[in-house]
file data-v3.cif (mmCIF, C-alpha atoms and all ligand atoms)
data_work
loop_
_atom_site.label_atom_id
_atom_site.label_comp_id
_atom_site.auth_asym_id
_atom_site.auth_seq_id
_atom_site.Cartn_x
_atom_site.Cartn_y
_atom_site.Cartn_z
CA MET A 634 -15.12 -47.82 -19.01
CA ALA A 635 -11.54 -48.47 -20.02
CA LEU A 636 -8.80 -46.32 -18.51
CA GLN A 637 -7.11 -45.78 -21.87
CA GLY A 638 -10.37 -44.60 -23.43
CA VAL A 639 -10.97 -42.11 -20.62
CA MET A 640 -7.40 -40.81 -20.82
CA ASP A 641 -7.63 -40.43 -24.60
CA THR A 642 -10.88 -38.51 -24.23
CA LEU A 643 -9.38 -36.15 -21.64
CA LYS A 644 -6.37 -35.62 -23.90
CA ARG A 645 -8.62 -34.79 -26.84
CA THR A 646 -10.65 -32.30 -24.83
CA THR A 647 -8.77 -29.07 -25.41
CA LEU A 648 -9.63 -25.84 -23.65
CA ASP A 649 -9.17 -23.30 -26.45
CA GLU A 650 -12.27 -21.37 -25.33
CA ILE A 651 -10.45 -19.97 -22.31
CA GLY A 652 -7.35 -19.18 -24.31
CA VAL A 653 -5.09 -21.99 -23.14
CA SER A 654 -3.34 -24.50 -25.37
CA PHE A 655 -3.68 -27.57 -23.21
CA SER A 656 -6.24 -30.25 -22.50
CA LEU A 657 -8.14 -31.69 -19.54
CA ALA A 658 -5.51 -34.43 -19.30
CA ASP A 659 -2.89 -31.79 -18.46
CA LEU A 660 -4.94 -30.75 -15.42
CA LEU A 661 -5.72 -34.27 -14.26
CA ARG A 662 -4.64 -35.11 -10.71
CA ASP A 663 -6.65 -38.18 -9.89
CA LEU A 664 -8.97 -40.53 -11.70
CA LYS A 665 -11.34 -43.23 -10.52
CA ILE A 666 -13.40 -45.45 -12.79
CA GLU A 667 -16.14 -47.60 -11.37
CA GLY A 668 -18.11 -49.38 -14.05
CA GLU A 669 -19.75 -46.61 -16.08
CA ASN A 670 -18.98 -43.93 -13.55
CA VAL A 671 -15.94 -41.67 -13.70
CA GLU A 672 -14.58 -39.48 -10.96
CA ILE A 673 -11.81 -36.98 -11.72
CA LEU A 674 -9.81 -34.48 -9.73
CA LEU A 675 -8.62 -31.48 -11.75
CA PHE A 676 -6.04 -28.84 -10.93
CA SER A 677 -7.26 -25.28 -11.28
CA PRO A 678 -5.65 -22.34 -9.49
CA SER A 679 -8.89 -20.38 -9.55
CA GLU A 680 -12.58 -21.13 -8.98
CA LYS A 681 -13.32 -19.05 -12.06
CA TYR A 682 -13.15 -22.02 -14.38
CA TYR A 683 -14.73 -24.70 -12.21
CA GLU A 684 -18.07 -24.54 -13.97
CA PHE A 685 -16.52 -24.46 -17.42
CA LEU A 686 -14.17 -27.38 -16.71
CA GLN A 687 -16.95 -29.39 -15.12
CA GLN A 688 -19.17 -28.94 -18.14
CA LYS A 689 -16.32 -29.78 -20.53
CA ALA A 690 -15.44 -32.97 -18.65
CA GLU A 691 -19.05 -34.11 -18.39
CA GLU A 692 -19.76 -33.52 -22.05
CA ALA A 693 -16.61 -35.29 -23.19
CA LEU A 694 -16.87 -38.32 -20.94
CA LYS A 695 -20.60 -38.81 -21.41
CA SER A 696 -20.10 -38.74 -25.18
CA VAL A 697 -17.87 -41.81 -24.84
CA GLY A 698 -20.31 -43.70 -22.65
CA ALA A 699 -19.81 -42.51 -19.06
CA LYS A 700 -23.01 -42.51 -17.04
CA GLU A 701 -22.09 -40.35 -14.12
CA VAL A 702 -19.19 -37.92 -14.13
CA LYS A 703 -18.03 -36.43 -10.89
CA VAL A 704 -15.52 -33.57 -11.10
CA GLU A 705 -13.60 -32.20 -8.16
CA PHE A 706 -11.00 -29.46 -8.05
CA THR A 707 -7.78 -28.67 -6.27
CA SER A 708 -5.29 -25.81 -6.25
CA GLU A 709 -2.87 -27.76 -4.07
CA PRO A 710 0.59 -28.88 -5.20
CA PRO A 711 0.86 -32.43 -6.56
CA LYS A 712 0.52 -35.41 -4.23
CA GLN A 713 4.08 -36.61 -4.36
CA GLN A 714 5.20 -33.22 -3.02
CA GLN A 715 2.66 -33.30 -0.22
CA GLN A 716 3.62 -36.80 0.78
CA ALA A 717 7.37 -36.22 0.69
CA PRO A 718 8.74 -37.04 4.13
CA THR A 719 9.19 -33.82 6.06
CA PRO A 720 12.64 -33.58 7.62
CA PRO A 721 12.79 -32.97 11.36
CA PRO A 722 12.36 -29.23 12.05
CA GLN A 723 15.88 -28.64 13.32
CA GLU A 724 17.23 -29.74 9.94
CA ASN A 725 14.99 -27.39 7.99
CA PRO A 726 16.25 -23.79 7.90
CA PHE A 727 13.05 -22.69 6.11
CA GLU A 728 10.52 -23.79 8.69
CA ASN A 729 9.58 -20.17 9.26
CA LYS A 730 8.49 -19.64 5.69
CA ARG A 731 5.04 -18.09 5.65
CA ARG A 732 2.39 -18.06 2.96
CA ILE A 733 1.55 -14.67 1.56
CA PRO A 734 -2.00 -14.07 2.77
CA ASN A 735 -4.89 -14.17 0.32
CA VAL A 736 -2.79 -15.30 -2.65
CA LYS A 737 -3.15 -18.72 -4.29
CA LYS A 738 0.01 -18.94 -6.38
CA VAL A 739 3.14 -16.89 -5.83
CA ILE A 740 5.58 -16.72 -8.74
CA ALA A 741 8.99 -15.04 -8.58
CA VAL A 742 10.55 -13.70 -11.77
CA ALA A 743 14.32 -13.61 -11.50
CA SER A 744 17.50 -13.31 -13.51
CA GLY A 745 21.15 -13.69 -12.73
CA LYS A 746 22.11 -10.78 -14.91
CA GLY A 747 20.60 -7.29 -14.99
CA GLY A 748 18.77 -5.77 -17.91
CA VAL A 749 17.69 -9.01 -19.55
CA GLY A 750 14.01 -8.07 -19.42
CA LYS A 751 12.84 -9.45 -16.07
CA SER A 752 10.44 -6.60 -15.39
CA THR A 753 9.15 -6.73 -18.94
CA VAL A 754 8.50 -10.44 -18.59
CA ALA A 755 6.96 -10.04 -15.11
CA VAL A 756 4.58 -7.30 -16.21
CA ASN A 757 3.55 -9.13 -19.38
CA LEU A 758 3.06 -12.43 -17.56
CA ALA A 759 0.78 -10.56 -15.16
CA ALA A 760 -1.09 -9.00 -18.08
CA ALA A 761 -1.43 -12.35 -19.89
CA LEU A 762 -2.83 -14.05 -16.77
CA LYS A 763 -5.20 -11.11 -16.26
CA LYS A 764 -6.38 -11.49 -19.86
CA MET A 765 -7.13 -15.15 -19.15
CA GLY A 766 -9.48 -13.99 -16.42
CA TYR A 767 -7.42 -14.50 -13.29
CA ASN A 768 -7.06 -12.06 -10.41
CA VAL A 769 -3.47 -10.94 -10.64
CA GLY A 770 -1.10 -8.87 -8.56
CA TYR A 771 2.37 -7.58 -9.39
CA LEU A 772 4.87 -6.95 -6.62
CA ASP A 773 7.94 -4.97 -7.59
CA ALA A 774 10.59 -6.32 -5.23
CA ASP A 775 13.29 -4.36 -6.99
CA MET A 776 13.88 -2.10 -4.02
CA TYR A 777 16.79 -0.32 -5.71
CA GLY A 778 15.52 0.25 -9.24
CA PRO A 779 11.74 -0.13 -9.32
CA SER A 780 10.42 -0.04 -12.88
CA GLY A 781 7.01 -1.64 -12.32
CA PRO A 782 5.02 1.60 -11.88
CA THR A 783 6.32 2.96 -15.20
CA MET A 784 5.75 -0.26 -17.11
CA LEU A 785 2.19 -0.58 -15.76
CA GLY A 786 1.33 3.08 -16.27
CA ALA A 787 0.83 3.49 -12.55
CA LYS A 788 3.30 6.21 -11.60
CA ASP A 789 0.54 8.48 -10.35
CA LYS A 790 -1.37 5.85 -8.40
CA GLN A 791 -1.77 6.51 -4.71
CA VAL A 792 -1.10 3.95 -2.04
CA THR A 793 -3.31 4.25 1.00
CA ALA A 794 -2.88 2.49 4.31
CA LYS A 795 -5.35 1.00 6.73
CA GLU A 796 -5.28 -0.20 10.29
CA GLY A 797 -2.26 -2.26 11.27
CA ASN A 798 0.08 -0.67 8.71
CA ILE A 799 -1.54 -2.58 5.87
CA LEU A 800 -0.93 -0.99 2.48
CA ILE A 801 -3.77 -1.09 -0.02
CA ALA A 802 -2.52 -2.03 -3.49
CA PRO A 803 -3.81 0.26 -6.25
CA GLU A 804 -4.78 -1.16 -9.63
CA SER A 805 -3.72 -0.48 -13.20
CA HIS A 806 -4.96 -2.33 -16.29
CA GLY A 807 -6.89 -4.51 -13.84
CA ILE A 808 -3.65 -5.64 -12.17
CA LYS A 809 -3.11 -4.88 -8.48
CA LEU A 810 0.38 -3.59 -7.86
CA MET A 811 2.82 -2.58 -5.19
CA SER A 812 6.24 -1.03 -5.63
CA ILE A 813 8.64 1.03 -3.58
CA GLY A 814 8.42 3.41 -6.55
CA LEU A 815 4.86 4.26 -5.52
CA LEU A 816 5.97 5.26 -2.04
CA LEU A 817 8.98 7.42 -2.83
CA PRO A 818 8.58 11.18 -3.15
CA SER A 819 10.19 11.27 -6.60
CA GLU A 820 11.51 8.89 -9.18
CA ASP A 821 15.01 10.29 -8.80
CA THR A 822 15.22 9.61 -5.08
CA PRO A 823 18.02 7.10 -4.68
CA VAL A 824 17.13 4.29 -2.34
CA ILE A 825 19.85 3.28 0.04
CA TRP A 826 18.81 0.37 2.17
CA ARG A 827 20.68 -0.91 5.14
CA GLY A 828 20.24 -4.60 5.89
CA PRO A 829 17.56 -4.49 8.63
CA VAL A 830 15.54 -1.73 6.98
CA LEU A 831 15.53 -3.59 3.70
CA PHE A 832 14.39 -6.71 5.52
CA LYS A 833 11.56 -4.81 7.18
CA ALA A 834 10.38 -3.08 4.02
CA LEU A 835 10.45 -6.31 2.06
CA SER A 836 8.65 -8.15 4.81
CA GLN A 837 5.89 -5.54 4.77
CA PHE A 838 5.65 -5.86 0.99
CA LEU A 839 5.27 -9.60 1.28
CA PHE A 840 2.91 -9.93 4.19
CA ASP A 841 1.16 -6.61 4.85
CA ILE A 842 -0.46 -5.74 1.53
CA ASP A 843 -4.18 -5.70 0.96
CA TRP A 844 -4.57 -7.26 -2.49
CA GLY A 845 -8.32 -6.72 -2.61
CA ASP A 846 -11.39 -8.47 -1.23
CA GLU A 847 -11.34 -11.25 -3.80
CA GLY A 848 -7.69 -12.06 -3.15
CA LEU A 849 -5.32 -13.07 -5.92
CA ASP A 850 -5.04 -16.15 -8.08
CA PHE A 851 -1.49 -15.18 -8.99
CA LEU A 852 1.05 -12.83 -7.48
CA ILE A 853 4.01 -12.12 -9.76
CA ILE A 854 7.09 -10.93 -7.88
CA ASP A 855 9.61 -8.96 -9.95
CA LEU A 856 13.02 -9.40 -8.36
CA PRO A 857 16.13 -7.27 -8.66
CA PRO A 858 18.92 -8.89 -10.71
CA GLY A 859 21.36 -11.34 -9.19
CA THR A 860 21.36 -13.40 -6.06
CA GLY A 861 21.55 -10.79 -3.31
CA ASP A 862 19.78 -9.90 -0.07
CA VAL A 863 16.31 -9.50 -1.53
CA GLN A 864 16.35 -12.94 -3.14
CA ILE A 865 17.68 -14.67 -0.05
CA THR A 866 15.26 -12.89 2.28
CA LEU A 867 12.36 -13.71 0.02
CA GLY A 868 13.39 -17.33 -0.28
CA GLN A 869 13.81 -17.73 3.45
CA THR A 870 10.66 -15.96 4.63
CA ALA A 871 7.92 -16.50 2.06
CA GLU A 872 6.46 -19.61 0.51
CA ILE A 873 7.02 -19.17 -3.21
CA ASP A 874 5.30 -21.66 -5.51
CA GLY A 875 7.87 -21.34 -8.24
CA ALA A 876 10.45 -19.20 -9.98
CA VAL A 877 10.74 -18.17 -13.60
CA ILE A 878 14.26 -17.37 -14.73
CA VAL A 879 14.68 -14.80 -17.46
CA THR A 880 17.73 -14.77 -19.68
CA THR A 881 18.95 -13.60 -23.05
CA PRO A 882 20.64 -16.08 -25.39
CA GLN A 883 24.20 -14.84 -24.83
CA ASP A 884 26.59 -17.11 -22.98
CA VAL A 885 27.33 -14.45 -20.35
CA ALA A 886 23.67 -14.36 -19.40
CA LEU A 887 23.43 -18.13 -19.37
CA ILE A 888 26.29 -18.47 -16.89
CA ASP A 889 24.17 -16.40 -14.53
CA VAL A 890 21.15 -18.61 -15.19
CA LYS A 891 23.05 -21.47 -13.58
CA LYS A 892 23.78 -19.33 -10.51
CA GLY A 893 20.12 -18.33 -10.29
CA ILE A 894 18.92 -21.92 -10.50
CA GLN A 895 21.39 -23.00 -7.83
CA MET A 896 20.26 -20.21 -5.52
CA PHE A 897 16.58 -21.16 -5.86
CA ASN A 898 17.47 -24.78 -5.25
CA GLU A 899 19.20 -23.75 -2.06
CA VAL A 900 16.17 -21.88 -0.74
CA GLU A 901 13.90 -24.73 -1.88
CA ILE A 902 11.91 -22.85 -4.48
CA PRO A 903 10.97 -24.96 -7.52
CA ILE A 904 12.06 -23.65 -10.92
CA LEU A 905 9.06 -23.48 -13.25
CA GLY A 906 11.13 -22.75 -16.32
CA ILE A 907 13.24 -20.31 -18.27
CA VAL A 908 11.99 -17.48 -20.46
CA GLU A 909 14.47 -16.56 -23.16
CA ASN A 910 14.00 -12.89 -23.92
CA MET A 911 15.41 -10.99 -26.90
CA SER A 912 15.72 -14.39 -28.58
CA TYR A 913 15.55 -13.23 -32.15
CA PHE A 914 14.62 -10.29 -34.29
CA VAL A 915 11.91 -10.50 -36.90
CA CYS A 916 12.77 -8.24 -39.81
CA PRO A 917 9.68 -6.14 -40.50
CA ASP A 918 10.62 -5.96 -44.21
CA ASN A 919 10.75 -9.67 -45.01
CA GLY A 920 9.45 -11.42 -41.88
CA LYS A 921 12.71 -13.37 -41.59
CA LYS A 922 13.94 -14.36 -38.13
CA TYR A 923 17.47 -13.34 -37.19
CA GLU A 924 19.19 -14.82 -34.14
CA ILE A 925 21.27 -11.74 -33.57
CA PHE A 926 22.94 -13.05 -30.42
CA GLY A 927 23.94 -16.27 -32.17
CA LYS A 928 22.62 -19.77 -31.73
CA SER A 929 20.86 -20.13 -28.39
CA ARG A 930 22.03 -22.69 -25.83
CA THR A 931 19.20 -22.01 -23.43
CA GLU A 932 17.46 -25.32 -24.12
CA GLU A 933 20.67 -27.20 -23.41
CA ILE A 934 21.09 -25.41 -20.06
CA ALA A 935 17.44 -25.94 -19.19
CA LYS A 936 17.78 -29.66 -19.85
CA GLN A 937 20.96 -29.85 -17.83
CA TYR A 938 19.05 -28.49 -14.81
CA GLY A 939 15.92 -30.55 -15.39
CA THR A 940 13.74 -27.65 -16.45
CA ASP A 941 12.19 -26.27 -19.64
CA VAL A 942 12.15 -23.17 -21.77
CA LEU A 943 8.67 -21.70 -21.27
CA SER A 944 8.87 -19.36 -24.23
CA LYS A 945 11.22 -17.45 -26.50
CA ILE A 946 10.39 -13.76 -26.80
CA PRO A 947 11.59 -11.84 -29.84
CA ILE A 948 13.10 -8.37 -29.74
CA GLU A 949 10.48 -5.94 -30.92
CA PRO A 950 10.94 -2.18 -30.56
CA LYS A 951 7.23 -1.96 -29.68
CA VAL A 952 7.86 -3.89 -26.46
CA ALA A 953 10.07 -1.10 -25.12
CA GLU A 954 7.96 1.70 -26.60
CA PHE A 955 4.76 0.52 -24.93
CA ALA A 956 6.61 -0.26 -21.71
CA ASP A 957 7.66 3.39 -21.58
CA LEU A 958 4.05 4.39 -22.24
CA GLY A 959 2.91 2.20 -19.38
CA ILE A 960 1.01 -0.45 -21.37
CA PRO A 961 2.28 -4.05 -21.43
CA ILE A 962 2.61 -5.25 -25.05
CA VAL A 963 0.24 -8.14 -24.29
CA LEU A 964 -2.50 -5.55 -23.80
CA ALA A 965 -1.30 -2.92 -26.28
CA LYS A 966 -0.63 -5.21 -29.28
CA PRO A 967 -1.99 -8.65 -28.45
CA ASP A 968 -1.41 -9.87 -32.02
CA SER A 969 2.28 -8.99 -32.10
CA GLU A 970 4.86 -11.76 -32.19
CA SER A 971 6.16 -10.79 -28.75
CA ALA A 972 2.71 -10.61 -27.13
CA LYS A 973 1.95 -14.12 -28.43
CA ALA A 974 5.22 -15.35 -26.99
CA PHE A 975 4.42 -13.82 -23.58
CA ILE A 976 0.99 -15.46 -23.63
CA GLU A 977 2.63 -18.78 -24.46
CA ALA A 978 4.91 -18.30 -21.45
CA ALA A 979 1.87 -17.71 -19.20
CA GLN A 980 0.12 -20.81 -20.54
CA ASN A 981 3.17 -22.97 -20.03
CA LEU A 982 3.53 -21.55 -16.55
CA ILE A 983 0.02 -22.70 -15.62
CA LYS A 984 0.75 -26.09 -17.17
CA LYS A 985 3.94 -26.37 -15.10
CA LEU A 986 2.10 -25.45 -11.89
CA SER A 987 -0.37 -28.21 -12.59
CA GLN A 988 2.29 -30.91 -12.90
N1 LIG B 1 11.63 -8.39 -26.04
C1 LIG B 1 11.99 -7.12 -25.98
N2 LIG B 1 12.04 -6.34 -27.12
C2 LIG B 1 12.42 -5.04 -27.04
N3 LIG B 1 12.78 -4.42 -25.92
C3 LIG B 1 12.78 -5.12 -24.77
C4 LIG B 1 12.40 -6.51 -24.74
N4 LIG B 1 12.48 -6.93 -23.46
C5 LIG B 1 12.91 -5.89 -22.72
N5 LIG B 1 13.09 -4.80 -23.49
C6 LIG B 1 13.57 -3.48 -23.05
O1 LIG B 1 14.86 -3.66 -22.47
C7 LIG B 1 15.03 -2.82 -21.34
C8 LIG B 1 15.38 -3.67 -20.10
O2 LIG B 1 14.24 -4.46 -19.76
P1 LIG B 1 13.77 -4.64 -18.25
O3 LIG B 1 13.74 -3.37 -17.52
O4 LIG B 1 12.53 -5.45 -18.30
O5 LIG B 1 14.97 -5.54 -17.73
P2 LIG B 1 15.27 -6.03 -16.24
O6 LIG B 1 15.90 -7.37 -16.36
O7 LIG B 1 14.06 -5.93 -15.41
O8 LIG B 1 16.32 -4.96 -15.77
P3 LIG B 1 16.87 -4.75 -14.27
O9 LIG B 1 17.89 -5.84 -14.10
O10 LIG B 1 17.47 -3.39 -14.32
O11 LIG B 1 15.72 -4.88 -13.34
C9 LIG B 1 13.74 -2.04 -21.20
O12 LIG B 1 13.88 -0.80 -21.82
C10 LIG B 1 12.71 -2.88 -21.95
O13 LIG B 1 11.65 -2.11 -22.46
MG MG B 2 13.70 -4.90 -13.56
#
call {"tool": "encode", "arguments": {"input": "data-v3.cif", "output": "structure tokens", "more": "lines below"}}
Ligand SMILES: Nc1ncnc2c1ncn2[C@@H]1O[C@H](COP(=O)(O)OP(=O)(O)OP(=O)(O)O)[C@@H](O)[C@H]1O
Ligand SMILES: [Mg+2]
result
Amino acid sequence: MALQGVMDTLKRTTLDEIGVSFSLADLLRDLKIEGENVEILLFSPSEKYYEFLQQKAEEALKSVGAKEVKVEFTSEPPKQQQQAPTPPPQENPFENKRRIPNVKKVIAVASGKGGVGKSTVAVNLAAALKKMGYNVGYLDADMYGPSGPTMLGAKDKQVTAKEGNILIAPESHGIKLMSIGLLLPSEDTPVIWRGPVLFKALSQFLFDIDWGDEGLDFLIIDLPPGTGDVQITLGQTAEIDGAVIVTTPQDVALIDVKKGIQMFNEVEIPILGIVENMSYFVCPDNGKKYEIFGKSRTEEIAKQYGTDVLSKIPIEPKVAEFADLGIPIVLAKPDSESAKAFIEAAQNLIKKLSQ
């Protein structure tokens, strides 16, 4: 079998059935062709789709003349990253980074500027991934202004603890969650953290949570705004598979995007892409799009830093209304313009993780 023919077939084999907009070729990690036999290695963060992907690949390749098709799977980062020469330990300040137990992919959602919609994006990314069938957790690392419990309709959920100070994450809309907001006596209690206490609380949130017997395919971490203690601590102690930066199209927000990207580069966390929130407004009367913050320069900035825009989310009053009601828009109004844009962001995120 010819390599080009196999590649073309994999490219043609789209995976619409599981709600993603990419093809087998996007997941391809390795390919061996021996005569009529084809062996492929596919990226998949979860075992959930192994059977489906296997069947898809077999069908497609056999239809173009393959005799035997062997499919293997990996959830590991790409080869070039694995093979990169590791610097001697004394030169690596992050050698103590630990993996968060029982979680396959850890994604941090960050922004340089406050109020751009980080929590909204984090919660809806979690909901979109859940809708695709993954096991998802949401960790609200905003220790000063936790909004996760409200946005996920989980304000009344109880956190229980088990042996060894392990906190058991409750669930809402099928998403496991943890937030300091669930542990405080009342929503109005101001949280004043001193350095070491913050460090300890955050460390417990990262490493001492029971995310359920099945574990998680994705853990979405909602960060506080800016580049402060929480971000640095997280970056230095936990292995994060990638960061998503949220911004709005205004120049003031974009200046902070650059700071955010630089900070993640410093703590060696790959940037998966930028989500531009409140990108435009769709007039309900005539369906026309209005770029109310002016022409966006987000793409230009993304390019400058070697990353991509994962999605552009419109302003829709429903997003905020349902957030206040505790239902992510992706679940409340899956056909809305904004829900579709959040789902696109989740799909592009998976695509990015597979590259
Ligand atoms: N696309 C959108 N359309 C309409 N409203 C939105 C949209 N995105 C976010 N909002 C609303 O804007 C407000 C701020 O969003 P959010 O709390 O997600 O921002 P944040 O970046 O997490 O803020 P903070 O920096 O305080 O953590 C919320 O009331 C939210 O419901
Ligand atoms: Mg927030």
call {"tool": "residues_around", "arguments": {"input": "data-v3.cif", "residues": "Ile808 in chain A", "least_positions_apart": "5", "cutoff": "12 Å", "atoms": "only C-alpha atoms", "output": "mmCIF file with C-alpha atoms, in the frame of the given file"}}
result
data_model
loop_
_atom_site.group_PDB
_atom_site.id
_atom_site.type_symbol
_atom_site.label_atom_id
_atom_site.label_comp_id
_atom_site.auth_asym_id
_atom_site.auth_seq_id
_atom_site.Cartn_x
_atom_site.Cartn_y
_atom_site.Cartn_z
ATOM 1 C CA ALA A 755 6.960 -10.040 -15.110
ATOM 2 C CA VAL A 756 4.580 -7.300 -16.210
ATOM 3 C CA ASN A 757 3.550 -9.130 -19.380
ATOM 4 C CA LEU A 758 3.060 -12.430 -17.560
ATOM 5 C CA ALA A 759 0.780 -10.560 -15.160
ATOM 6 C CA ALA A 760 -1.090 -9.000 -18.080
ATOM 7 C CA ALA A 761 -1.430 -12.350 -19.890
ATOM 8 C CA LEU A 762 -2.830 -14.050 -16.770
ATOM 9 C CA LYS A 763 -5.200 -11.110 -16.260
ATOM 10 C CA LYS A 764 -6.380 -11.490 -19.860
ATOM 11 C CA GLY A 766 -9.480 -13.990 -16.420
ATOM 12 C CA TYR A 767 -7.420 -14.500 -13.290
ATOM 13 C CA ASN A 768 -7.060 -12.060 -10.410
ATOM 14 C CA VAL A 769 -3.470 -10.940 -10.640
ATOM 15 C CA GLY A 770 -1.100 -8.870 -8.560
ATOM 16 C CA TYR A 771 2.370 -7.580 -9.390
ATOM 17 C CA LEU A 772 4.870 -6.950 -6.620
ATOM 18 C CA GLY A 781 7.010 -1.640 -12.320
ATOM 19 C CA PRO A 782 5.020 1.600 -11.880
ATOM 20 C CA MET A 784 5.750 -0.260 -17.110
ATOM 21 C CA LEU A 785 2.190 -0.580 -15.760
ATOM 22 C CA GLY A 786 1.330 3.080 -16.270
ATOM 23 C CA ALA A 787 0.830 3.490 -12.550
ATOM 24 C CA ALA A 802 -2.520 -2.030 -3.490
ATOM 25 C CA PRO A 803 -3.810 0.260 -6.250
ATOM 26 C CA TRP A 844 -4.570 -7.260 -2.490
ATOM 27 C CA GLY A 845 -8.320 -6.720 -2.610
ATOM 28 C CA GLY A 848 -7.690 -12.060 -3.150
ATOM 29 C CA LEU A 849 -5.320 -13.070 -5.920
ATOM 30 C CA ASP A 850 -5.040 -16.150 -8.080
ATOM 31 C CA PHE A 851 -1.490 -15.180 -8.990
ATOM 32 C CA LEU A 852 1.050 -12.830 -7.480
ATOM 33 C CA ILE A 853 4.010 -12.120 -9.760
ATOM 34 C CA ILE A 960 1.010 -0.450 -21.370
ATOM 35 C CA PRO A 961 2.280 -4.050 -21.430
ATOM 36 C CA LEU A 964 -2.500 -5.550 -23.800
#
call {"tool": "closest_atom_pairs", "arguments": {"input": "data-v3.cif", "of": "chain A", "to": "ligand LIG 1 (chain B)", "cutoff": "8 Å", "atoms": "only C-alpha atoms and all ligand atoms", "output": "Markdown table"}}
result
| residue | atom | partner | partner_atom | distance |
| --- | --- | --- | --- | --- |
| A:Ser744 | CA | B:LIG1 | O6 | 6.8 |
| A:Lys746 | CA | B:LIG1 | O9 | 6.5 |
| A:Gly747 | CA | B:LIG1 | O9 | 3.2 |
| A:Gly748 | CA | B:LIG1 | O8 | 3.4 |
| A:Val749 | CA | B:LIG1 | O6 | 4.0 |
| A:Gly750 | CA | B:LIG1 | O5 | 3.2 |
| A:Lys751 | CA | B:LIG1 | O6 | 3.7 |
| A:Ser752 | CA | B:LIG1 | O7 | 3.7 |
| A:Thr753 | CA | B:LIG1 | O4 | 3.7 |
| A:Val754 | CA | B:LIG1 | O4 | 6.4 |
| A:Ala755 | CA | B:LIG1 | O4 | 7.9 |
| A:Asp775 | CA | B:LIG1 | O11 | 6.8 |
| A:Gly778 | CA | B:LIG1 | O10 | 6.5 |
| A:Pro779 | CA | B:LIG1 | O11 | 7.4 |
| A:Ser780 | CA | B:LIG1 | O3 | 6.6 |
| A:Asp855 | CA | B:LIG1 | O7 | 7.7 |
| A:Leu856 | CA | B:LIG1 | O11 | 7.2 |
| A:Pro857 | CA | B:LIG1 | O11 | 5.3 |
| A:Pro858 | CA | B:LIG1 | O9 | 4.7 |
| A:Val879 | CA | B:LIG1 | O6 | 7.6 |
| A:Asn910 | CA | B:LIG1 | N1 | 5.5 |
| A:Met911 | CA | B:LIG1 | N1 | 4.7 |
| A:Ser912 | CA | B:LIG1 | N1 | 7.7 |
| A:Ile946 | CA | B:LIG1 | N1 | 5.6 |
| A:Pro947 | CA | B:LIG1 | N1 | 5.1 |
| A:Ile948 | CA | B:LIG1 | N2 | 3.5 |
| A:Glu949 | CA | B:LIG1 | N2 | 4.1 |
| A:Pro950 | CA | B:LIG1 | C2 | 4.8 |
| A:Lys951 | CA | B:LIG1 | C2 | 6.6 |
| A:Val952 | CA | B:LIG1 | C2 | 4.7 |
| A:Ala953 | CA | B:LIG1 | O13 | 3.3 |
| A:Glu954 | CA | B:LIG1 | O13 | 6.7 |
| A:Phe955 | CA | B:LIG1 | O13 | 7.8 |
| A:Ala956 | CA | B:LIG1 | O13 | 5.4 |
| A:Asp957 | CA | B:LIG1 | O13 | 6.9 |
| A:Ser971 | CA | B:LIG1 | N1 | 6.6 |
call {"tool": "residues_around", "arguments": {"input": "data-v3.cif", "residues": "Ile907 in chain A", "least_positions_apart": "4", "cutoff": "10 Å", "atoms": "all atoms listed in the file", "output": "ChimeraX atom specification"}}
result
/A:742-744,876-880,890,894,931-932,934-935,940-945,978,982
call {"tool": "atom_distance", "arguments": {"input": "data-v3.cif", "atom1": "CA of Val900 in chain A", "atom2": "CA of Gln869 in chain A"}}
result
6.4 Å
call {"tool": "atom_distance", "arguments": {"input": "data-v3.cif", "atom1": "CA of Gln791 in chain A", "atom2": "CA of Ile740 in chain A"}}
result
24.7 Å
call {"tool": "closest_residue", "arguments": {"input": "data-v3.cif", "among": "A:Ala635, A:Met776, A:Leu810, A:Ala794", "to": "Ile825 in chain A", "atoms": "all atoms listed in the file"}}
result
A:Met776
call {"tool": "residues_near_point", "arguments": {"input": "data-v3.cif", "point": "(-1.9, -2.0, -0.3)", "cutoff": "6 Å", "atoms": "only C-alpha atoms", "output": "list of chain:residue names"}}
result
A:Leu800, A:Ile801, A:Ala802, A:Ile842, A:Asp843
call {"tool": "closest_residue", "arguments": {"input": "data-v3.cif", "among": "A:Glu872, A:Met765, A:Gly638, A:Ile673", "to": "Val963 in chain A", "atoms": "all atoms listed in the file"}}
result
A:Met765
call {"tool": "atom_distance", "arguments": {"input": "data-v3.cif", "atom1": "CA of Leu674 in chain A", "atom2": "CA of Ser708 in chain A"}}
result
10.4 Å
call {"tool": "closest_residue", "arguments": {"input": "data-v3.cif", "among": "A:Ala774, A:Val885, A:Ile904, A:Leu839", "to": "ligand MG 2 (chain B)", "atoms": "only C-alpha atoms and all ligand atoms"}}
result
A:Ala774
call {"tool": "closest_residue", "arguments": {"input": "data-v3.cif", "among": "A:Lys700, A:Gly814, A:Glu847, A:Phe897", "to": "Lys681 in chain A", "atoms": "only C-alpha atoms"}}
result
A:Glu847
call {"tool": "closest_residue", "arguments": {"input": "data-v3.cif", "among": "A:Lys795, A:Leu958, A:Asn729, A:Ile651", "to": "Tyr682 in chain A", "atoms": "all atoms listed in the file"}}
result
A:Ile651
call {"tool": "closest_residue", "arguments": {"input": "data-v3.cif", "among": "A:Gly859, A:Gly807, A:Pro829, A:Pro917", "to": "ligand MG 2 (chain B)", "atoms": "only C-alpha atoms and all ligand atoms"}}
result
A:Gly859
call {"tool": "residues_around", "arguments": {"input": "data-v3.cif", "residues": "Lys892 in chain A", "least_positions_apart": "4", "cutoff": "9 Å", "atoms": "only C-alpha atoms", "output": "PyMOL selection string"}}
result
chain A and resi 745+859-860+887-888+896-897
